[in-house]
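K.L.:
Pasting start.pdb below, which is PDB, C-alpha atoms and all ligand atoms.
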ATOM      1  CA  MET D  10     -11.142 -22.333 -18.455
ATOM      2  CA  ASP D  11     -13.108 -19.479 -16.800
ATOM      3  CA  LYS D  12     -15.941 -19.783 -19.305
ATOM      4  CA  ASN D  13     -16.439 -23.412 -18.301
ATOM      5  CA  ILE D  14     -17.651 -22.290 -14.877
ATOM      6  CA  LYS D  15     -21.465 -22.312 -14.983
ATOM      7  CA  GLY D  16     -22.977 -18.837 -15.223
ATOM      8  CA  PHE D  17     -19.505 -17.245 -15.275
ATOM      9  CA  LYS D  18     -19.558 -13.519 -16.013
ATOM     10  CA  ILE D  19     -16.296 -11.887 -15.068
ATOM     11  CA  LYS D  20     -12.912 -12.535 -13.510
ATOM     12  CA  TYR D  21     -11.677  -9.721 -11.288
ATOM     13  CA  ALA D  22      -8.520  -8.817  -9.352
ATOM     14  CA  GLY D  23      -6.766 -11.965 -10.553
ATOM     15  CA  ASN D  24      -8.559 -14.548  -8.449
ATOM     16  CA  ILE D  25     -12.204 -13.586  -8.067
ATOM     17  CA  TYR D  26     -14.788 -15.210 -10.329
ATOM     18  CA  ALA D  27     -18.266 -13.730 -10.437
ATOM     19  CA  GLY D  28     -21.352 -15.127 -12.081
ATOM     20  CA  ASN D  29     -25.040 -15.853 -11.860
ATOM     21  CA  ILE D  30     -26.825 -19.161 -11.832
ATOM     22  CA  ASN D  31     -30.515 -19.901 -11.228
ATOM     23  CA  LYS D  32     -30.917 -16.134 -10.620
ATOM     24  CA  PHE D  33     -28.437 -16.157  -7.739
ATOM     25  CA  ASN D  34     -25.231 -14.141  -7.959
ATOM     26  CA  TYR D  35     -22.142 -15.886  -6.731
ATOM     27  CA  LEU D  36     -18.519 -15.036  -6.024
ATOM     28  CA  ILE D  37     -15.677 -17.518  -6.065
ATOM     29  CA  LYS D  38     -12.415 -16.457  -4.474
ATOM     30  CA  TYR D  39      -9.533 -18.765  -5.262
ATOM     31  CA  ASP D  40      -6.231 -18.699  -3.421
ATOM     32  CA  ASP D  41      -3.444 -20.143  -5.561
ATOM     33  CA  THR D  42      -0.986 -20.686  -2.707
ATOM     34  CA  SER D  43      -3.279 -22.819  -0.557
ATOM     35  CA  LEU D  44      -5.371 -24.070  -3.537
ATOM     36  CA  VAL D  45      -8.486 -23.330  -1.504
ATOM     37  CA  TYR D  46     -11.619 -21.908  -3.069
ATOM     38  CA  ASN D  47     -14.466 -20.022  -1.350
ATOM     39  CA  LEU D  48     -17.888 -19.810  -2.929
ATOM     40  CA  TYR D  49     -20.192 -17.096  -1.557
ATOM     41  CA  PHE D  50     -23.845 -16.152  -1.773
ATOM     42  CA  ASN D  51     -25.517 -13.230   0.049
ATOM     43  CA  ILE D  52     -28.883 -14.679   0.929
ATOM     44  CA  LEU D  53     -31.746 -14.412   3.371
ATOM     45  CA  GLY D  54     -33.688 -17.515   4.429
ATOM     46  CA  LYS D  55     -33.977 -20.249   7.014
ATOM     47  CA  GLU D  56     -30.893 -20.812   9.093
ATOM     48  CA  ASP D  57     -31.013 -24.572   9.152
ATOM     49  CA  ILE D  58     -28.954 -25.838   6.218
ATOM     50  CA  LYS D  59     -28.693 -29.516   7.189
ATOM     51  CA  GLU D  60     -30.377 -30.603   3.982
ATOM     52  CA  LEU D  61     -27.987 -28.564   1.819
ATOM     53  CA  ASN D  62     -25.098 -29.853   3.844
ATOM     54  CA  LYS D  63     -26.085 -33.449   3.111
ATOM     55  CA  LYS D  64     -26.576 -32.711  -0.574
ATOM     56  CA  LEU D  65     -23.177 -31.088  -0.994
ATOM     57  CA  LYS D  66     -21.304 -33.657   1.089
ATOM     58  CA  ASN D  67     -22.538 -36.233  -1.401
ATOM     59  CA  ILE D  68     -20.704 -34.346  -4.117
ATOM     60  CA  ASP D  69     -17.517 -33.797  -2.130
ATOM     61  CA  LYS D  70     -17.240 -34.949   1.472
ATOM     62  CA  GLU D  71     -14.214 -32.730   2.165
ATOM     63  CA  ILE D  72     -15.983 -29.390   1.744
ATOM     64  CA  THR D  73     -17.211 -27.111   4.526
ATOM     65  CA  ILE D  74     -20.534 -25.279   4.347
ATOM     66  CA  ILE D  75     -21.312 -22.331   6.621
ATOM     67  CA  TYR D  76     -24.337 -20.049   6.716
ATOM     68  CA  LYS D  77     -23.692 -17.078   8.978
ATOM     69  CA  ASN D  78     -24.591 -13.359   8.906
ATOM     70  CA  ASN D  79     -26.574 -13.891   5.711
ATOM     71  CA  VAL D  80     -23.567 -15.273   3.892
ATOM     72  CA  LEU D  81     -23.570 -18.827   2.645
ATOM     73  CA  SER D  82     -20.049 -19.994   2.018
ATOM     74  CA  VAL D  83     -18.731 -23.244   0.648
ATOM     75  CA  VAL D  84     -15.037 -23.899   1.172
ATOM     76  CA  GLY D  85     -13.103 -26.627  -0.567
ATOM     77  CA  SER D  86      -9.745 -27.353  -2.107
ATOM     78  CA  LEU D  87      -8.338 -28.334  -5.476
ATOM     79  CA  GLN D  88      -5.234 -30.091  -6.717
ATOM     80  CA  GLU D  89      -4.758 -27.480  -9.410
ATOM     81  CA  ILE D  90      -6.617 -24.471 -10.773
ATOM     82  CA  LYS D  91      -7.825 -26.125 -13.961
ATOM     83  CA  GLU D  92      -9.988 -28.471 -11.869
ATOM     84  CA  LEU D  93     -12.071 -25.494 -10.734
ATOM     85  CA  PRO D  94     -14.939 -25.731 -13.274
ATOM     86  CA  ASP D  95     -15.443 -29.490 -12.869
ATOM     87  CA  THR D  96     -15.296 -29.230  -9.090
ATOM     88  CA  ILE D  97     -17.434 -26.138  -8.655
ATOM     89  CA  ASN D  98     -20.179 -26.733 -11.271
ATOM     90  CA  PRO D  99     -22.079 -29.509  -9.458
ATOM     91  CA  ILE D 100     -21.806 -27.464  -6.235
ATOM     92  CA  LEU D 101     -23.106 -24.320  -7.954
ATOM     93  CA  GLU D 102     -26.052 -26.192  -9.445
ATOM     94  CA  SER D 103     -26.985 -28.082  -6.296
ATOM     95  CA  THR D 104     -26.689 -25.037  -4.069
ATOM     96  CA  THR D 105     -28.687 -22.652  -6.219
ATOM     97  CA  GLU D 106     -31.413 -25.259  -6.848
ATOM     98  CA  TYR D 107     -31.640 -25.739  -3.108
ATOM     99  CA  LEU D 108     -31.789 -21.961  -2.487
ATOM    100  CA  LYS D 109     -34.471 -21.534  -5.128
ATOM    101  CA  SER D 110     -36.711 -24.364  -3.937
ATOM    102  CA  ASN D 111     -36.380 -23.271  -0.296
ATOM    103  CA  GLY D 112     -37.391 -19.672  -0.985
ATOM    104  CA  TYR D 113     -34.060 -17.989  -0.158
ATOM    105  CA  LYS D 114     -33.803 -14.393  -1.324
ATOM    106  CA  GLU D 115     -30.737 -12.604  -2.551
ATOM    107  CA  ILE D 116     -29.770  -9.502  -0.517
ATOM    108  CA  CYS D 117     -27.311  -6.610  -0.618
ATOM    109  CA  LYS D 118     -24.109  -7.401   1.289
ATOM    110  CA  HIS D 119     -24.168  -4.031   3.072
ATOM    111  CA  CYS D 120     -27.759  -3.164   3.987
ATOM    112  CA  LYS D 121     -28.976  -6.793   3.944
ATOM    113  CA  GLN D 122     -32.142  -5.808   2.090
ATOM    114  CA  VAL D 123     -33.721  -7.724  -0.739
ATOM    115  CA  LYS D 124     -32.814  -5.438  -3.625
ATOM    116  CA  LYS D 125     -31.293  -5.595  -7.063
ATOM    117  CA  VAL D 126     -27.537  -5.897  -6.552
ATOM    118  CA  TYR D 127     -24.512  -5.081  -8.661
ATOM    119  CA  LEU D 128     -20.987  -6.417  -8.482
ATOM    120  CA  THR D 129     -19.018  -3.545  -6.953
ATOM    121  CA  ASP D 130     -15.461  -2.782  -5.949
ATOM    122  CA  ASN D 131     -15.788  -0.778  -2.735
ATOM    123  CA  ASP D 132     -12.155   0.271  -2.312
ATOM    124  CA  GLY D 133     -10.901  -3.307  -2.398
ATOM    125  CA  GLU D 134     -13.994  -5.024  -0.985
ATOM    126  CA  ILE D 135     -15.475  -6.868  -3.943
ATOM    127  CA  ASN D 136     -19.074  -7.889  -3.398
ATOM    128  CA  TYR D 137     -22.694  -7.449  -4.452
ATOM    129  CA  PHE D 138     -24.236  -4.193  -3.282
ATOM    130  CA  CYS D 139     -27.490  -2.383  -4.050
ATOM    131  CA  ASP D 140     -27.642   0.970  -5.780
ATOM    132  CA  ASP D 141     -28.392   2.897  -2.563
ATOM    133  CA  CYS D 142     -25.381   1.461  -0.786
ATOM    134  CA  TYR D 143     -23.208   2.181  -3.817
ATOM    135  CA  LYS D 144     -24.228   5.852  -3.682
ATOM    136  CA  GLU D 145     -23.605   5.920   0.061
ATOM    137  CA  PHE D 146     -20.069   4.516  -0.397
ATOM    138  CA  ILE D 147     -19.274   7.239  -2.925
ATOM    139  CA  LYS D 148     -20.641   9.938  -0.616
ATOM    140  CA  ILE D 149     -18.586   8.739   2.367
ATOM    141  CA  ALA D 150     -15.450   8.433   0.223
ATOM    142  CA  GLU D 151     -15.900  11.950  -1.156
ATOM    143  CA  TYR D 152     -16.353  13.252   2.376
ATOM    144  CA  LYS D 153     -13.136  11.545   3.536
ATOM    145  CA  LYS D 154     -11.289  12.818   0.498
ATOM    146  CA  ASN D 155     -12.355  16.422   1.104
ATOM    147  CA  ASN D 156     -11.532  16.113   4.758
ATOM    148  CA  SER D 157      -8.011  14.911   4.004
ATOM    149  CA  LYS D 158      -7.587  17.738   1.501
ATOM    150  CA  ASN D 159      -8.533  20.285   4.170
ATOM    151  CA  ALA D 160      -6.361  18.724   6.857
ATOM    152  CA  LYS D 161      -3.893  21.281   8.124
ATOM    153  CA  GLU D 162      -0.201  20.880   7.401
ATOM    154  CA  HIS D 163       1.857  22.432  10.220
ATOM    155  CA  LEU D 164       4.521  23.793   7.917
ATOM    156  CA  LEU D 165       6.812  25.460  10.449
ATOM    157  CA  LYS D 166       6.829  22.443  12.759
ATOM    158  CA  GLY D 167       7.429  20.300   9.707
ATOM    159  CA  VAL D 168      10.503  22.321   8.706
ATOM    160  CA  LEU D 169      11.920  21.959  12.229
ATOM    161  CA  GLY D 170      11.126  18.258  12.137
ATOM    162  CA  ALA D 171      12.890  17.852   8.803
ATOM    163  CA  ILE D 172      16.015  19.618  10.102
ATOM    164  CA  VAL D 173      16.111  17.478  13.254
ATOM    165  CA  GLY D 174      15.458  14.414  11.098
ATOM    166  CA  THR D 175      18.649  14.909   9.100
ATOM    167  CA  ILE D 176      20.897  14.792  12.204
ATOM    168  CA  PRO D 177      21.195  10.990  12.629
ATOM    169  CA  GLY D 178      22.118  10.662   8.942
ATOM    170  CA  ILE D 179      24.713  13.452   9.186
ATOM    171  CA  LEU D 180      26.312  11.755  12.212
ATOM    172  CA  LEU D 181      26.321   8.491  10.268
ATOM    173  CA  TRP D 182      28.140  10.297   7.445
ATOM    174  CA  PHE D 183      30.966  11.239   9.855
ATOM    175  CA  LEU D 184      31.070   7.732  11.299
ATOM    176  CA  LEU D 185      31.284   6.029   7.885
ATOM    177  CA  SER D 186      34.023   8.428   6.854
ATOM    178  CA  TYR D 187      35.906   7.773  10.103
ATOM    179  CA  LEU D 188      35.648   4.033   9.447
ATOM    180  CA  LYS D 189      36.995   4.641   5.920
ATOM    181  CA  LEU D 190      33.718   3.429   4.399
ATOM    182  CA  GLU D 191      31.681   5.207   1.708
ATOM    183  CA  PRO D 192      30.072   8.127   3.602
ATOM    184  CA  GLY D 193      27.650   8.816   0.717
ATOM    185  CA  ILE D 194      25.535   5.864   1.904
ATOM    186  CA  ALA D 195      24.421   8.121   4.766
ATOM    187  CA  GLY D 196      22.797  10.342   2.109
ATOM    188  CA  ILE D 197      19.951   7.799   1.982
ATOM    189  CA  PHE D 198      19.334   8.251   5.711
ATOM    190  CA  ILE D 199      19.631  12.029   5.623
ATOM    191  CA  THR D 200      16.886  12.493   2.999
ATOM    192  CA  MET D 201      14.796   9.738   4.576
ATOM    193  CA  GLY D 202      15.174  11.339   8.008
ATOM    194  CA  ALA D 203      14.132  14.748   6.653
ATOM    195  CA  ALA D 204      10.908  13.261   5.253
ATOM    196  CA  LEU D 205      10.088  11.264   8.390
ATOM    197  CA  GLY D 206      10.822  14.302  10.571
ATOM    198  CA  PHE D 207       8.612  16.524   8.457
ATOM    199  CA  LYS D 208       5.709  14.096   8.431
ATOM    200  CA  HIS D 209       5.983  13.458  12.159
ATOM    201  CA  PHE D 210       5.808  17.119  13.148
ATOM    202  CA  ALA D 211       3.605  18.502  10.373
ATOM    203  CA  LYS D 212       1.132  15.581  10.741
ATOM    204  CA  VAL D 213       0.213  15.873   7.062
ATOM    205  CA  MET D 214       2.537  16.051   4.064
ATOM    206  CA  LYS D 215       1.218  17.948   1.098
ATOM    207  CA  ILE D 216       3.070  18.856  -2.084
ATOM    208  CA  SER D 217       4.715  21.825  -0.289
ATOM    209  CA  GLY D 218       5.886  19.491   2.466
ATOM    210  CA  LEU D 219       7.228  17.044  -0.075
ATOM    211  CA  VAL D 220       9.304  19.733  -1.812
ATOM    212  CA  ILE D 221      10.532  21.259   1.467
ATOM    213  CA  SER D 222      11.594  17.948   2.984
ATOM    214  CA  ILE D 223      13.462  16.984  -0.200
ATOM    215  CA  LEU D 224      15.279  20.336  -0.251
ATOM    216  CA  ILE D 225      16.176  20.110   3.445
ATOM    217  CA  GLY D 226      17.378  16.546   2.910
ATOM    218  CA  LEU D 227      19.623  17.541  -0.008
ATOM    219  CA  LEU D 228      20.929  20.524   1.953
ATOM    220  CA  GLY D 229      21.650  18.100   4.799
ATOM    221  CA  VAL D 230      23.772  15.997   2.422
ATOM    222  CA  ILE D 231      25.783  19.073   1.344
ATOM    223  CA  ILE D 232      26.261  20.175   4.967
ATOM    224  CA  ALA D 233      27.336  16.671   6.036
ATOM    225  CA  HIS D 234      29.868  16.559   3.216
ATOM    226  CA  GLU D 235      31.274  20.036   3.853
ATOM    227  CA  LEU D 236      31.563  19.485   7.597
ATOM    228  CA  ASN D 237      33.269  16.190   6.932
ATOM    229  CA  CYS D 238      35.776  17.922   4.650
ATOM    230  CA  SER D 239      36.331  20.566   7.328
ATOM    231  CA  ILE D 240      37.125  17.838   9.848
ATOM    232  CA  TYR D 241      39.553  16.348   7.341
ATOM    233  CA  ILE D 242      41.350  19.673   6.751
ATOM    234  CA  TYR D 243      41.322  20.432  10.477
ATOM    235  CA  ASN D 244      42.964  17.095  11.328
ATOM    236  CA  LEU D 245      45.544  17.651   8.620
ATOM    237  CA  TYR D 246      46.626  21.143   9.666
ATOM    238  CA  LYS D 247      45.597  21.655  13.305
ATOM    239  CA  GLU D 248      49.114  21.104  14.617
ATOM    240  CA  ASP D 249      51.004  23.150  12.023
ATOM    241  CA  PHE D 250      48.636  26.134  11.809
ATOM    242  CA  LEU D 251      46.642  26.017  15.089
ATOM    243  CA  ILE D 252      43.356  26.277  13.182
ATOM    244  CA  ASN D 253      39.866  25.444  14.446
ATOM    245  CA  ILE D 254      37.030  23.671  12.587
ATOM    246  CA  TRP D 255      35.556  26.993  11.460
ATOM    247  CA  ASP D 256      38.872  28.048   9.907
ATOM    248  CA  ALA D 257      39.022  24.693   8.185
ATOM    249  CA  TYR D 258      35.498  25.167   6.861
ATOM    250  CA  LYS D 259      36.352  28.624   5.492
ATOM    251  CA  SER D 260      39.379  27.235   3.734
ATOM    252  CA  ILE D 261      37.394  24.737   1.614
ATOM    253  CA  PRO D 262      37.077  27.171  -1.369
ATOM    254  CA  TYR D 263      40.832  27.795  -1.149
ATOM    255  CA  TYR D 264      41.648  24.087  -1.413
ATOM    256  CA  LEU D 265      39.039  23.599  -4.121
ATOM    257  CA  SER D 266      40.758  26.177  -6.340
ATOM    258  CA  ARG D 267      44.364  25.165  -5.573
ATOM    259  CA  ASP D 268      44.362  21.431  -4.994
ATOM    260  CA  SER D 269      43.041  19.422  -7.921
ATOM    261  CA  GLU D 270      43.218  16.125  -5.974
ATOM    262  CA  PHE D 271      41.149  17.628  -3.173
ATOM    263  CA  LYS D 272      38.732  19.014  -5.732
ATOM    264  CA  THR D 273      38.223  15.599  -7.350
ATOM    265  CA  SER D 274      37.625  13.794  -4.068
ATOM    266  CA  PHE D 275      35.352  16.623  -2.899
ATOM    267  CA  THR D 276      33.186  16.485  -6.033
ATOM    268  CA  ASN D 277      33.096  12.673  -6.113
ATOM    269  CA  GLY D 278      32.107  12.425  -2.465
ATOM    270  CA  LEU D 279      29.313  14.929  -2.900
ATOM    271  CA  SER D 280      28.054  13.290  -6.099
ATOM    272  CA  VAL D 281      27.877   9.850  -4.514
ATOM    273  CA  GLY D 282      25.976  11.306  -1.548
ATOM    274  CA  LEU D 283      23.503  13.140  -3.747
ATOM    275  CA  ILE D 284      22.943  10.167  -6.045
ATOM    276  CA  LEU D 285      22.318   7.797  -3.131
ATOM    277  CA  SER D 286      20.043  10.317  -1.446
ATOM    278  CA  VAL D 287      17.568   9.745  -4.282
ATOM    279  CA  ILE D 288      16.738   6.428  -2.595
ATOM    280  CA  GLY D 289      15.755   8.375   0.527
ATOM    281  CA  ILE D 290      13.686  10.753  -1.591
ATOM    282  CA  PHE D 291      11.487   7.822  -2.609
ATOM    283  CA  SER D 292      10.499   7.481   1.024
ATOM    284  CA  SER D 293       9.448  11.163   1.037
ATOM    285  CA  TYR D 294       7.272  10.470  -1.951
ATOM    286  CA  SER D 295       5.642   7.455  -0.345
ATOM    287  CA  LEU D 296       4.899   9.484   2.820
ATOM    288  CA  TYR D 297       3.342  12.157   0.636
ATOM    289  CA  ARG D 298       1.185   9.547  -1.088
ATOM    290  CA  GLN D 299       0.043   8.188   2.285
ATOM    291  CA  SER D 300      -1.113  11.659   3.281
ATOM    292  CA  ILE D 301      -3.557  11.829   0.434
ATOM    293  CA  TYR D 302      -6.728   9.843   0.792
ATOM    294  CA  SER D 303      -7.687   8.183  -2.434
ATOM    295  CA  TYR D 304     -10.295   5.568  -3.113
ATOM    296  CA  GLN D 305     -11.612   3.344  -5.818
ATOM    297  CA  ILE D 306     -15.322   2.615  -5.848
ATOM    298  CA  LYS D 307     -16.789   1.280  -9.044
ATOM    299  CA  ARG D 308     -19.262  -1.125 -10.506
ATOM    300  CA  ILE D 309     -17.474  -4.044 -12.066
ATOM    301  CA  GLY D 310     -18.275  -5.048 -15.619
ATOM    302  CA  GLU D 311     -20.075  -1.851 -16.590
TER     303      GLU D 311
HETATM  304 ZN    ZN D 401     -27.633  -2.058   0.097
END
Show me the file's structure as structure tokens.
P.N.:
Amino acid sequence: MDKNIKGFKIKYAGNIYAGNINKFNYLIKYDDTSLVYNLYFNILGKEDIKELNKKLKNIDKEITIIYKNNVLSVVGSLQEIKELPDTINPILESTTEYLKSNGYKEICKHCKQVKKVYLTDNDGEINYFCDDCYKEFIKIAEYKKNNSKNAKEHLLKGVLGAIVGTIPGILLWFLLSYLKLEPGIAGIFITMGAALGFKHFAKVMKISGLVISILIGLLGVIIAHELNCSIYIYNLYKEDFLINIWDAYKSIPYYLSRDSEFKTSFTNGLSVGLILSVIGIFSSYSLYRQSIYSYQIKRIGE
């Protein structure tokens, strides 16, 4: 179907059609949820487009034609995508013939100068840009990238932030256990909290920050589990042996070696917590990714 569009050259990012007709480059952006298409030209010429308007309304009276900020856009709708070539071809021909006979000149979308333009992906902005602007985009992107690489990660603050960040999850662990629900679910929030806390205080999360916040998160899960077991032992024996929480905590190795039932429930509880905490670790990774500036600037179809 794409090849049936006059002057069609390339389809990009799923719904952008680019081509050239009567020496004018065009872009068609099609939205498949609203079935609306937008046809664009970057041109310089007289602002009055009444004549073009009349011409195009004869083809399809439902379309809208706007010429603003050196962009001529024609907006219309389809019943289904396969109608696109038949609908757009007469519009493409009429418009470009009009532009040609009225002396309109094609310009670069960025600097608005009459120059040779190339279809370019400027970090998600797909349009026609000249070579000078293309080089400028790359330069700015490189500058931003270097700047983000040199941004300072406040490691110590980040560590404190990660520790503080585990607290809500640890409290949730106790609460879930008290309610006789699976406490391991809180493992997700402990590792997530460690990452959020680190990022918040360190400002930037580099690979060191990623590793540290994951380790603190996992340690948080172990601490939550051990404290929870201490509370369990304490509640069980506080009346008979007058022990405190610390005594209960110290006795965990004793029960692990003597009581096989305790050992099983201890290991299972910890395993569930650690397995679920992997979900929280994904959030650390996404925060790390956000900290790194990356860009994609390239000429399309070269
Ligand atoms: Zn330019």
K.L.:
Name the residues that the PyMOL selection byres (((chain D and resi 215-221) around 12) and not hetatm) picks from the file above, as a PDB file with C-alpha atoms, in the coordinates of the input, using the file's chain letters and numbers.
P.N.:
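Written out: selection_3.pdb:
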ATOM      1  CA  SER D 157      -8.011  14.911   4.004  1.00  0.00           C
ATOM      2  CA  LYS D 158      -7.587  17.738   1.501  1.00  0.00           C
ATOM      3  CA  ASN D 159      -8.533  20.285   4.170  1.00  0.00           C
ATOM      4  CA  ALA D 160      -6.361  18.724   6.857  1.00  0.00           C
ATOM      5  CA  LYS D 161      -3.893  21.281   8.124  1.00  0.00           C
ATOM      6  CA  GLU D 162      -0.201  20.880   7.401  1.00  0.00           C
ATOM      7  CA  HIS D 163       1.857  22.432  10.220  1.00  0.00           C
ATOM      8  CA  LEU D 164       4.521  23.793   7.917  1.00  0.00           C
ATOM      9  CA  LEU D 165       6.812  25.460  10.449  1.00  0.00           C
ATOM     10  CA  LYS D 166       6.829  22.443  12.759  1.00  0.00           C
ATOM     11  CA  GLY D 167       7.429  20.300   9.707  1.00  0.00           C
ATOM     12  CA  VAL D 168      10.503  22.321   8.706  1.00  0.00           C
ATOM     13  CA  LEU D 169      11.920  21.959  12.229  1.00  0.00           C
ATOM     14  CA  GLY D 170      11.126  18.258  12.137  1.00  0.00           C
ATOM     15  CA  ALA D 171      12.890  17.852   8.803  1.00  0.00           C
ATOM     16  CA  ILE D 172      16.015  19.618  10.102  1.00  0.00           C
ATOM     17  CA  THR D 200      16.886  12.493   2.999  1.00  0.00           C
ATOM     18  CA  MET D 201      14.796   9.738   4.576  1.00  0.00           C
ATOM     19  CA  ALA D 203      14.132  14.748   6.653  1.00  0.00           C
ATOM     20  CA  ALA D 204      10.908  13.261   5.253  1.00  0.00           C
ATOM     21  CA  LEU D 205      10.088  11.264   8.390  1.00  0.00           C
ATOM     22  CA  GLY D 206      10.822  14.302  10.571  1.00  0.00           C
ATOM     23  CA  PHE D 207       8.612  16.524   8.457  1.00  0.00           C
ATOM     24  CA  LYS D 208       5.709  14.096   8.431  1.00  0.00           C
ATOM     25  CA  HIS D 209       5.983  13.458  12.159  1.00  0.00           C
ATOM     26  CA  PHE D 210       5.808  17.119  13.148  1.00  0.00           C
ATOM     27  CA  ALA D 211       3.605  18.502  10.373  1.00  0.00           C
ATOM     28  CA  LYS D 212       1.132  15.581  10.741  1.00  0.00           C
ATOM     29  CA  VAL D 213       0.213  15.873   7.062  1.00  0.00           C
ATOM     30  CA  MET D 214       2.537  16.051   4.064  1.00  0.00           C
ATOM     31  CA  SER D 222      11.594  17.948   2.984  1.00  0.00           C
ATOM     32  CA  ILE D 223      13.462  16.984  -0.200  1.00  0.00           C
ATOM     33  CA  LEU D 224      15.279  20.336  -0.251  1.00  0.00           C
ATOM     34  CA  ILE D 225      16.176  20.110   3.445  1.00  0.00           C
ATOM     35  CA  GLY D 226      17.378  16.546   2.910  1.00  0.00           C
ATOM     36  CA  LEU D 227      19.623  17.541  -0.008  1.00  0.00           C
ATOM     37  CA  LEU D 228      20.929  20.524   1.953  1.00  0.00           C
ATOM     38  CA  ILE D 290      13.686  10.753  -1.591  1.00  0.00           C
ATOM     39  CA  PHE D 291      11.487   7.822  -2.609  1.00  0.00           C
ATOM     40  CA  SER D 292      10.499   7.481   1.024  1.00  0.00           C
ATOM     41  CA  SER D 293       9.448  11.163   1.037  1.00  0.00           C
ATOM     42  CA  TYR D 294       7.272  10.470  -1.951  1.00  0.00           C
ATOM     43  CA  SER D 295       5.642   7.455  -0.345  1.00  0.00           C
ATOM     44  CA  LEU D 296       4.899   9.484   2.820  1.00  0.00           C
ATOM     45  CA  TYR D 297       3.342  12.157   0.636  1.00  0.00           C
ATOM     46  CA  ARG D 298       1.185   9.547  -1.088  1.00  0.00           C
ATOM     47  CA  GLN D 299       0.043   8.188   2.285  1.00  0.00           C
ATOM     48  CA  SER D 300      -1.113  11.659   3.281  1.00  0.00           C
ATOM     49  CA  ILE D 301      -3.557  11.829   0.434  1.00  0.00           C
ATOM     50  CA  TYR D 302      -6.728   9.843   0.792  1.00  0.00           C
TER      51      TYR D 302
END
K.L.:
Evaluate the PyMOL selection byres (((chain D and resi 27) around 12) and not hetatm) against this structure - the residues, as a PyMOL selection string, please.
P.N.:
chain D and resi 11-12+14-26+28-30+33-39+47-50+101+127-129+135-137+309-310
K.L.:
All residues within 10 Å of ligand ZN 401 (chain D) are required, counting all atoms listed in the file; please report them as a list of chain:residue names.
P.N.:
D:Ile116, D:Cys117, D:Lys118, D:His119, D:Cys120, D:Lys121, D:Gln122, D:Val123, D:Lys124, D:Lys125, D:Val126, D:Tyr127, D:Tyr137, D:Phe138, D:Cys139, D:Asp140, D:Asp141, D:Cys142, D:Tyr143, D:Lys144, D:Glu145
K.L.:
Take the PyMOL selection byres (((chain D and resi 60) around 12) and not hetatm), run it mentally on this structure, and tell me the resulting residues as a PyMOL selection string.
P.N.:
chain D and resi 55-59+61-67+74+103-104+107-108+110-111
K.L.:
Which residue, D:Leu53, D:Ile68, D:Ala150, D:Leu245, has the smallest gap to Ile100 of chain D when you use only C-alpha atoms?
P.N.:
D:Ile68
K.L.:
Figure out the distance between atom CA of Ile240 of chain D and atom CA of Lys259 of chain D, please, to one decimal in Å.
P.N.:
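Between atom CA of Lys259 of chain D and atom CA of Ile240 of chain D the gap works out to 11.7 Å.
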K.L.:
Find the residues near Val281 of chain D: any atom within 10 Å, counting all atoms listed in the file, skip ones fewer than 2 places away on the same chain, and give them as an mmCIF file with C-alpha atoms, in the frame of the given file.
P.N.:
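Result file out21.cif:
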data_model
loop_
_atom_site.group_PDB
_atom_site.id
_atom_site.type_symbol
_atom_site.label_atom_id
_atom_site.label_comp_id
_atom_site.auth_asym_id
_atom_site.auth_seq_id
_atom_site.Cartn_x
_atom_site.Cartn_y
_atom_site.Cartn_z
ATOM 1 C CA GLU D 191 31.681 5.207 1.708
ATOM 2 C CA PRO D 192 30.072 8.127 3.602
ATOM 3 C CA GLY D 193 27.650 8.816 0.717
ATOM 4 C CA ILE D 194 25.535 5.864 1.904
ATOM 5 C CA GLY D 196 22.797 10.342 2.109
ATOM 6 C CA THR D 276 33.186 16.485 -6.033
ATOM 7 C CA ASN D 277 33.096 12.673 -6.113
ATOM 8 C CA GLY D 278 32.107 12.425 -2.465
ATOM 9 C CA LEU D 279 29.313 14.929 -2.900
ATOM 10 C CA LEU D 283 23.503 13.140 -3.747
ATOM 11 C CA ILE D 284 22.943 10.167 -6.045
ATOM 12 C CA LEU D 285 22.318 7.797 -3.131
ATOM 13 C CA SER D 286 20.043 10.317 -1.446
#
K.L.:
How far is it from atom CA of Tyr246 of chain D to atom CA of Trp182 of chain D, in Å with one decimal?
P.N.:
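About the pair atom CA of Tyr246 of chain D and atom CA of Trp182 of chain D: they are 21.5 Å apart.
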K.L.:
Can you work out the spacing between atom CA of Asp268 of chain D and atom CA of Leu184 of chain D in Å, to one decimal?
P.N.:
25.1 Å
K.L.:
With all atoms listed in the file as the basis for distance, which of D:Lys189, D:Glu92, D:Glu115, D:Asn78 is at the shortest distance from Asn51 of chain D?
P.N.:
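Closest to Asn51 of chain D of all the choices is D:Glu115.
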K.L.:
Given the choices D:Ile197, D:Val173, D:Ile232, D:Val84, which gets closest to Gly289 of chain D if the distance is worked out from only C-alpha atoms?
P.N.:
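Of the candidates, the smallest distance to Gly289 of chain D is held by D:Ile197.
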K.L.:
Could you tell me which of D:Tyr264, D:Gly85, D:Tyr113, D:Asp130 comes closest to Gly54 of chain D if we count all atoms listed in the file?
P.N.:
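Result for the nearest residue to Gly54 of chain D: D:Tyr113.
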K.L.:
Using all atoms listed in the file, pick whichever of D:Phe271, D:Glu106, D:Phe146, D:Tyr263 has the shortest atom-to-atom distance to Lys32 of chain D.
P.N.:
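Among the listed residues, D:Glu106 lies closest to Lys32 of chain D.
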K.L.:
Using only C-alpha atoms, find the one residue out of D:Ser269, D:Pro177, D:Gly112, D:Asp41 that sits nearest to Ala195 of chain D.
P.N.:
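Using only C-alpha atoms, the shortest distance to Ala195 of chain D belongs to D:Pro177.
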K.L.:
Applying 9 Å and all atoms listed in the file, which residues near Phe275 of chain D remain after dropping the ones on its own chain fewer than 5 positions away? List them as a tab-separated table (two decimals) with C-alpha atoms, keeping the file's coordinate frame.
P.N.:
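See selection39.tsv below for the written result:
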chain	number	residue	atom	x	y	z
D	234	HIS	CA	29.87	16.56	3.22
D	235	GLU	CA	31.27	20.04	3.85
D	238	CYS	CA	35.78	17.92	4.65
D	265	LEU	CA	39.04	23.60	-4.12
D	270	GLU	CA	43.22	16.12	-5.97
D	280	SER	CA	28.05	13.29	-6.10
